[in-house]
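*Asks:* Here you go, one structure.
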Amino acid sequence: MELLITAAAQIATPLTMVCIICGTIVGVVVGVLPGLGSVIGLTMALPFTFSLPQIPSIALMLGVYCGSVYGGSITAIILNTPGTPQAAATALEGYPMARRGDADLALGWVTVASTLGGLFSVAIFIIAGPSLAALSLQFTPIEYFALGLFAMTCIAGVSSGQMAKGLVSGGIGLMLAAIGVDPVTGDMRYTFGSFQLSAGIALIPVIVGIFAYSEMFLRVLDLDGDKPDPAEMRVGFRVPPWREWRIRLGMLLRGSMIGSFVGALPGTGAATAAFIAYSEARRTSKRQENFGKGEPDGLVACESANNAVTGSALVPTLALGIPGDPVTAVMLGALVVQGIAPGPQLFANHLDLIYAIFLCLILVNLVMFATGALGASLFTRILRIPEPILIGLILIISTVGAYGVNGSTFDIWVAFAAGVGGALLRYLSYPLAPIVIGMVLGPTIEMSLRQGLILTDGNVLAFLERPIALALFAVTAAILLWPLLRSRLRRSG
Amino acid sequence: MKRNAIRTLAGVASAIAMTVAATGASAQSNRPVTVVVPFAAGGGTDITTRAMQSGLTDALDANIVVKNTAGAGGTLGVGEVARARADGRTLGMTPVGPLTTQPHLRALPYNIDSFDYICLAYSAPTVIAVAKDAPFSTLEEMVSHAKANPGDVTFAVQAIGSVPHIAGLALAEAAGIEMTYLPVNGDGPALKALLDGTADVFIPHVSFFSSNAEQLKSLAMLQSERLKEQPDLATAAEQGYDLDFPIWGGLVAPKGLPEEDVTRLEGACEDAVNSAPFQERMEAVKQPSAYMGSAEFTAFVREKYETNRVLLEKAGLLSN
């Protein structure tokens with residue numbers, strides 16, 4: 001308790017407060033802009049941390065981190081263009097809701113769900129930090145492989161009744177992910193002698209292409225269906241009433257738990273968590289028939305999940321020194337420069353620092369809520385911008401985003417190609433989210449499978465000897481077989 | 001439909017015009033110098049480069065922009081430097097791998113003759129590391145265990161053809177042992193593999209080892225002499241193995257820079273390396289400091305290029 005007060009005193013300085021507020025706002029902005037995501041935001045913040053004291057620099061980075069995960073969902077709702085990979089699932093329900101004029105309501109749902117999901121994981125971080133770190137060490141490559149396969153079943157959840165098309169999209173994602181250096185042998189795959197392709201296809205340009213470009217291409221060609229009347233677009237920020245929330249508390253809790261769990265496993269991440277939570281919500285919801293048409297269940301589930309990743313992803317980063325993704329890797333790099341040595345001792349002996357991070361995270365989530373609520377009238381007003389100007393702006397901003405990831409003009413071509421392909425797929429009503437799922441999970445599944453085979457001397461059956469993996473395989477099989485079984489039962493019954 | 005398309009084009013054009021107008025204003029005066037870092041932000045190379053930023057800014061009286069071009073084992077970013085115009089406005093902070101090992105492994109659009117070498121900015125040894133609770137505490141204990149149980153010791157490889165990979169292969173050859181090689185995606189995942197029991201040993205940079213010293217112990221430091229910053233780390237040489245595998249890097253420029261520019265940049269690099277902020281930062285990440293001038297660095301790169309080729313050839317990893 002005494003430490004908590006010390007930590008609070010450390011945080012209650014004007015400098016730290018400025019860092020929290022600026023960091024969160026900058027985070028939301030880079031999240032909103034398609035292509036610019038958490039990594040770019042943190043890279044921008046990195047030089048500032050060198051000249052800031054320890055606590056303010058941590059506050060700055062946490063703000064950018066949490067803000068950017070949330071910010072991506074705003075663009076997903078308003079423009080059907082996830083600002084970050086983490087928000088790809090949000091567009092599935094958020095955009096239809098905005099399209100019918102309720103963008104203010106959609107922002108209300110995601111802002112509250114994001115904040116609560118974030119706060120949930122902050123609680124997990126402080127209560128269960130060390131045990132969560134121990135749990136993540138139970139996951140060896142074999143468990144990762146099982147988890148990756150399980151997450152692939154999300155393709156079914158996001159394909160809304162078009163299973164075959166969803167599988168094709170998922171296959172495209174997996175194939176894109178296979179391009180580049182073979183992670184085990186170092187050989188080149190599908191590069192056709194191109195040096196640029198040896199680094200593989202980056203996820204962000206593809207997301208910019210298949211979502212932002214393709215949406216804009218279809219709008220330019222007037223192929224995007226019935227146009228809503230801009231005058232009917234409600235602007236502002238509307239928090240849904242309590243009776244709407246009450247029936248979705250289960251969704252919120254489950255999303256937060258999925259996010260916190262997935263976040264604690266290094267190498268997975270917020271995009272995976274959001275997709276798992278979304279398809280779980282879809283599988284268990286009482287309002288299944290509304291999915292794909294702007295059902296709040298889906299929004300609440302994926303937004304609570306991807307924001308719940310933030311707190312728990314810090315656990316392996318700080319307690320083990322293992323950053324889970326490029327985002328936490330940048331943060332860890334900056335923390336080490338600040339003289340913080342990660343490891344179990346950090347949670348045991350440096351509780352003042354852990355409490356400071358804990359309090360920063362709480363404040364960041366609250367500032368994030370305020371930014372979202374105040375910014376909503378601005379963001380929703382975007383929908384009233386005359387379409388040609390809007391399309392022009394978005395094309396330019398997303399091109400800058402695609403370029404900005406690696407500062408590479410090649411990535412602009414990748415985005416453009418993905419845009420043309422994406423527009424075609426959209427026109428033929430193929431779901432696009434499975435491409436993201438395939439690209440996100442492909443490398444994990446491949447690497448963990450091949451690592452597992454090296455460890456078991458090529459014996460696949462040895463995978464089943466591990467209890468966690470076996471359980472995950474069983475759940476995967478059950479989810480895949482259940483629809484078949486159910487229809488068989490119905491017929492016989 | 002057509003009308004909408006035309007209006008969109010107009011929208012694009014006006015937005016581009018605004019962007020150009022906004023950037024054009026500040027474009028001319030003192031043009032910035034871009035330093036390409038071929039790895040992601042937050043990593044060792046990146047942190048070192050950013051630590052030099054203020055020193056270089058002062059010495060060159062120009063803004064220094066650090067640009068991360070990660071991918072394909074660092075070759076993408078190094079390739080970008082090789083392609084850049086030789087006007088002293090684009091430099092690369094190039095570590096050992098993309099310069100002296102990767103060119104032996106695959107066809108690249110550059111080679112060691114594509115650059116003018118300005119200075120070596122850092123060099124630090126690697127360490128053979130095992131988990132704190134591992135059953136061996138010296139190199140000899142691990143070697144005798146590996147001899148008794150061929151393939152039982154699993155070695156986590158952060159990247160194929162990287163210095164740690166070559167060092168592991170050299171160790172296996174020198175000690176006459178057989179290990180299982182487990183590829184992982186970098187230092188963090190290698191540490192995880194050690195902690196969750198998937199792998200037994202890996203070879204990180206001494207700075208990574210030091211910041212995770214709580215969970216790791218060093219069997220041997222791969223350098224001929226002990227480090228004065230960390231005198232308690234025993235070397236491999238003391239234990240009878242002549243293994244010397246530092247991870248180093250330095251500033252390079254595209255080939256063809258005028259002599260006086262090389263000299264000017266060399267001086268700026270030396271100032272930056274000796275500046276107080278850089279030294280403090282290096283101390284914080286527990287990295288010893290090192291410096292070589294242009295001539296010495298050029299000879300050094302060529303020497304390493306050859307020795308690494310021989311090692312890769314022995315390991316059967318050479319591309320042709």
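Simple scheme: letters A, B, ... for chains in structure tokens order, numbers from 1 for residues in each chain, numbers from 1 for ligands in the order shown.
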Got a sec: who's within 12 Å of Tyr110 of chain B, counting only C-alpha atoms, leaving out chain neighbours fewer than 6 positions off, as a count of residues only?
*Replies:* 19
*Asks:* Run DSSP on the backbone and give me the residues of segment 196-296 of chain B it puts in strand (DSSP E), as number ranges by chain.
*Replies:* B: 201-202, 216-221, 246-254, 289-292
*Asks:* Neighbouring residues of Ala159 of chain B were defined as those with any atom within 9 Å, considering only C-alpha atoms; residues of the same chain fewer than 3 positions away were excluded. Please report them as a list in words.
*Replies:* Pro183, Val184 and Gly186 of chain A; Gly73, Ser162, Val163, Pro164, His165, Pro183, Val184, Asn185 and Gly186 of chain B
*Asks:* Those same residues - C-alpha atoms - I'd like them written as a PDB file, in the first residue's frame.
*Replies:*
```
ATOM      1  CA  PRO A 183      12.247 -19.546 -41.380  1.00  0.00           C
ATOM      2  CA  VAL A 184      13.928 -22.912 -40.823  1.00  0.00           C
ATOM      3  CA  GLY A 186      16.848 -19.826 -44.852  1.00  0.00           C
TER       4      GLY A 186
ATOM      5  CA  GLY B  73      18.062 -10.526 -42.212  1.00  0.00           C
ATOM      6  CA  SER B 162      23.647 -14.995 -38.301  1.00  0.00           C
ATOM      7  CA  VAL B 163      26.741 -14.575 -36.141  1.00  0.00           C
ATOM      8  CA  PRO B 164      25.199 -16.587 -33.257  1.00  0.00           C
ATOM      9  CA  HIS B 165      24.396 -19.385 -35.683  1.00  0.00           C
ATOM     10  CA  PRO B 183      15.355 -21.948 -35.399  1.00  0.00           C
ATOM     11  CA  VAL B 184      13.515 -19.174 -33.516  1.00  0.00           C
ATOM     12  CA  ASN B 185      12.630 -15.580 -34.462  1.00  0.00           C
ATOM     13  CA  GLY B 186      15.277 -13.566 -32.638  1.00  0.00           C
TER      14      GLY B 186
END
```
*Asks:* Could I get the residues of chain A with an atom no further than 6 Å from an atom of chain B, each paired with its nearest atom pair and that distance in Å to one decimal, using only C-alpha atoms, sorted by chain and residue number, as a tab-separated table?
*Replies:*
```
residue	atom	partner	partner_atom	distance
A:Leu137	CA	B:Asp196	CA	4.9
A:Val184	CA	B:Pro183	CA	5.7
A:Gly186	CA	B:Ile160	CA	5.8
A:Ser198	CA	B:Ala72	CA	5.9
A:Ala199	CA	B:Ala72	CA	4.4
A:Val220	CA	B:Ala5	CA	5.3
A:Leu221	CA	B:Met1	CA	5.8
A:Asp222	CA	B:Met1	CA	5.9
A:Ile322	CA	B:Gly188	CA	4.8
A:Val330	CA	B:Gly42	CA	4.1
A:Gly333	CA	B:Gly42	CA	4.3
A:Val337	CA	B:Ala284	CA	5.8
A:Gly339	CA	B:Ala284	CA	5.7
A:Ala341	CA	B:Ser211	CA	5.1
A:Pro388	CA	B:Thr8	CA	4.2
A:Ile389	CA	B:Gly11	CA	4.5
A:Gly392	CA	B:Val12	CA	4.1
A:Asn406	CA	B:Thr69	CA	5.1
```
*Asks:* Convert the current residue selection to file output with N, CA and C atoms, as a short mmCIF file (atom, residue, chain, number, x, y, z; two decimals), in the first residue's frame.
*Replies:*
```
data_model
loop_
_atom_site.label_atom_id
_atom_site.label_comp_id
_atom_site.auth_asym_id
_atom_site.auth_seq_id
_atom_site.Cartn_x
_atom_site.Cartn_y
_atom_site.Cartn_z
N LEU A 137 4.83 -19.80 -20.01
CA LEU A 137 5.94 -20.73 -20.23
C LEU A 137 5.45 -22.17 -20.41
N VAL A 184 13.13 -21.83 -41.39
CA VAL A 184 13.93 -22.91 -40.82
C VAL A 184 15.20 -23.16 -41.63
N GLY A 186 16.27 -21.03 -44.29
CA GLY A 186 16.85 -19.83 -44.85
C GLY A 186 16.73 -19.75 -46.36
N SER A 198 12.14 -11.06 -50.97
CA SER A 198 12.83 -11.93 -50.03
C SER A 198 12.47 -11.57 -48.60
N ALA A 199 12.01 -10.35 -48.36
CA ALA A 199 11.58 -9.98 -47.01
C ALA A 199 10.12 -10.37 -46.77
N VAL A 220 -15.45 4.72 -55.99
CA VAL A 220 -15.23 5.53 -57.19
C VAL A 220 -16.05 4.97 -58.34
N LEU A 221 -16.09 3.66 -58.45
CA LEU A 221 -16.81 3.03 -59.55
C LEU A 221 -18.30 2.87 -59.25
N ASP A 222 -18.72 3.41 -58.09
CA ASP A 222 -20.12 3.31 -57.68
C ASP A 222 -20.61 1.87 -57.60
N ILE A 322 10.52 -11.20 -22.47
CA ILE A 322 10.16 -11.71 -23.79
C ILE A 322 9.03 -10.85 -24.36
N VAL A 330 9.57 -2.81 -29.14
CA VAL A 330 10.05 -1.42 -29.13
C VAL A 330 10.01 -0.88 -27.71
N GLY A 333 12.82 -2.33 -25.64
CA GLY A 333 14.09 -1.70 -26.00
C GLY A 333 14.27 -0.38 -25.29
N VAL A 337 16.95 0.81 -22.11
CA VAL A 337 17.77 2.02 -22.13
C VAL A 337 17.53 2.83 -20.86
N GLY A 339 17.28 1.73 -18.08
CA GLY A 339 17.90 1.04 -16.96
C GLY A 339 17.01 0.02 -16.27
N ALA A 341 15.79 -3.65 -15.97
CA ALA A 341 16.12 -5.01 -16.40
C ALA A 341 14.90 -5.88 -16.22
N PRO A 388 -16.24 12.54 -52.97
CA PRO A 388 -15.01 12.62 -53.77
C PRO A 388 -13.82 13.14 -52.98
N ILE A 389 -14.03 14.16 -52.16
CA ILE A 389 -12.93 14.70 -51.36
C ILE A 389 -12.47 13.68 -50.34
N GLY A 392 -10.40 11.00 -51.97
CA GLY A 392 -9.07 11.51 -52.28
C GLY A 392 -8.18 11.55 -51.05
N ASN A 406 7.76 0.54 -43.67
CA ASN A 406 9.16 0.25 -43.88
C ASN A 406 9.86 1.33 -44.67
#
```
*Asks:* I'd like the neighbourhood of Gly101 of chain A as a compact mmCIF listing (two decimals) with C-alpha atoms, in the first residue's frame, where a residue qualifies if any of its atoms comes within 9 Å (using only C-alpha atoms), though same-chain residues fewer than 2 positions away should be ignored.
*Replies:*
```txt
# COMPACT_ATOMS: atom_id res chain seq x y z
CA PRO A 96 -22.75 -1.88 -41.13
CA MET A 97 -23.84 -0.03 -38.01
CA ALA A 98 -22.31 3.23 -39.24
CA ARG A 99 -23.75 2.67 -42.67
CA ALA A 103 -21.83 5.76 -36.29
CA ASP A 104 -22.20 7.71 -33.06
CA LEU A 105 -23.66 4.64 -31.39
CA PRO A 228 -26.75 6.23 -47.53
CA ASP A 229 -27.75 9.87 -47.45
CA PRO A 230 -24.96 11.84 -45.73
CA GLU A 232 -28.95 11.09 -42.21
CA MET A 233 -25.61 10.28 -40.65
CA ARG A 234 -25.81 11.04 -36.97
CA VAL A 235 -22.73 12.76 -35.60
```
*Asks:* Name the residues of segment 189-250 of chain A that come out as helix (DSSP H, G or I) in a backbone DSSP run; write them as a PyMOL selection string.
*Replies:* chain A and resi 196-199+203-220+230-232+242-246+249-250
*Asks:* Identify, on the basis of only C-alpha atoms, every residue whose closest approach to Leu351 of chain A does not exceed 9 Å; exclude the query and any residue fewer than 6 positions from it along the same chain; express the result as a compact mmCIF listing (two decimals) with N, CA and C atoms, in the first residue's frame.
*Replies:*
```
# COMPACT_ATOMS: atom_id res chain seq x y z
N LEU A 3 3.81 1.41 -1.11
CA LEU A 3 4.43 1.50 -2.43
C LEU A 3 3.47 2.11 -3.44
N LEU A 4 2.20 1.76 -3.27
CA LEU A 4 1.19 2.27 -4.19
C LEU A 4 1.12 3.79 -4.08
N ALA A 7 4.12 5.27 -5.68
CA ALA A 7 3.97 5.24 -7.13
C ALA A 7 3.02 6.33 -7.58
```
*Asks:* Quick one: residues within 12 Å of Ala9 of chain A, only C-alpha atoms counted, chain neighbours fewer than 5 positions away excluded, as JSON, numbers by chain?
*Replies:* {"A": [2, 3, 4, 14, 16, 17, 55, 352, 353, 355, 356, 359, 360]}
*Asks:* Which residue gives the smallest distance to Met221 of chain B among B:Ser289, B:Ser114, B:Thr235, B:Ser144, with only C-alpha atoms counted?
*Replies:*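 Between B:Ser289, B:Ser114, B:Thr235, B:Ser144, the residue approaching Met221 of chain B most closely is B:Thr235.
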*Asks:* Between atom CA of Val32 of chain A and atom CA of Thr75 of chain A, what is the spacing in Å?
*Replies:*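 Separation between atom CA of Thr75 of chain A and atom CA of Val32 of chain A: 5.5 Å.
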*Asks:* Which residues come within 8 Å of Val440 of chain A, counting only C-alpha atoms, excluding same-chain residues fewer than 3 positions away, as a VMD selection string?
*Replies:* chain A and resid 177 203 271 to 272 436 to 437 443 to 444
*Asks:* Please write the residues from the selection above to a file, keeping C-alpha atoms, as an mmCIF file, in the first residue's frame.
*Replies:*
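Written file, again.cif:
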```cif
data_model
loop_
_atom_site.group_PDB
_atom_site.id
_atom_site.type_symbol
_atom_site.label_atom_id
_atom_site.label_comp_id
_atom_site.auth_asym_id
_atom_site.auth_seq_id
_atom_site.Cartn_x
_atom_site.Cartn_y
_atom_site.Cartn_z
ATOM 1 C CA ALA A 177 2.441 -15.327 -45.617
ATOM 2 C CA LEU A 203 0.830 -7.272 -43.385
ATOM 3 C CA ALA A 271 -5.502 -9.211 -33.999
ATOM 4 C CA THR A 272 -5.727 -12.904 -33.103
ATOM 5 C CA VAL A 436 -5.859 -11.139 -42.490
ATOM 6 C CA ILE A 437 -6.400 -14.220 -40.328
ATOM 7 C CA PRO A 443 3.839 -17.711 -39.808
ATOM 8 C CA THR A 444 2.963 -18.806 -36.252
#
```
*Asks:* Using only C-alpha atoms, find each residue of segment 40-59 of chain B with at least one atom at most 9 Å away from an atom of segment 116-136 of chain B; report its shortest atom-to-atom pair and that distance in Å (one decimal), sort the rows by chain and rising residue number, and return the result as a tab-separated table.
*Replies:*
```
residue	atom	partner	partner_atom	distance
B:Thr48	CA	B:Tyr122	CA	7.9
B:Thr49	CA	B:Ala121	CA	8.8
B:Met52	CA	B:Ala121	CA	8.9
```
*Asks:* Once you have the residues from the selection above, write them out as an mmCIF file, in the first residue's frame, restricted to N, CA and C atoms.
*Replies:*
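Listed below is the output, again-v6.cif:
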```cif
data_model
loop_
_atom_site.group_PDB
_atom_site.id
_atom_site.type_symbol
_atom_site.label_atom_id
_atom_site.label_comp_id
_atom_site.auth_asym_id
_atom_site.auth_seq_id
_atom_site.Cartn_x
_atom_site.Cartn_y
_atom_site.Cartn_z
ATOM 1 N N THR B 48 21.572 1.731 -30.599
ATOM 2 C CA THR B 48 22.910 2.297 -30.751
ATOM 3 C C THR B 48 22.894 3.486 -31.709
ATOM 4 N N THR B 49 22.191 3.321 -32.827
ATOM 5 C CA THR B 49 22.141 4.399 -33.811
ATOM 6 C C THR B 49 21.482 5.640 -33.230
ATOM 7 N N MET B 52 23.604 7.660 -31.079
ATOM 8 C CA MET B 52 24.588 8.498 -31.772
ATOM 9 C C MET B 52 23.961 9.742 -32.382
#
```
*Asks:* Nearest to Thr90 of chain A: which of A:Thr317, A:Ser169, A:Asn306, A:Thr399 is it, counting only C-alpha atoms?
*Replies:*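 Selected residue with least distance to Thr90 of chain A: A:Asn306.
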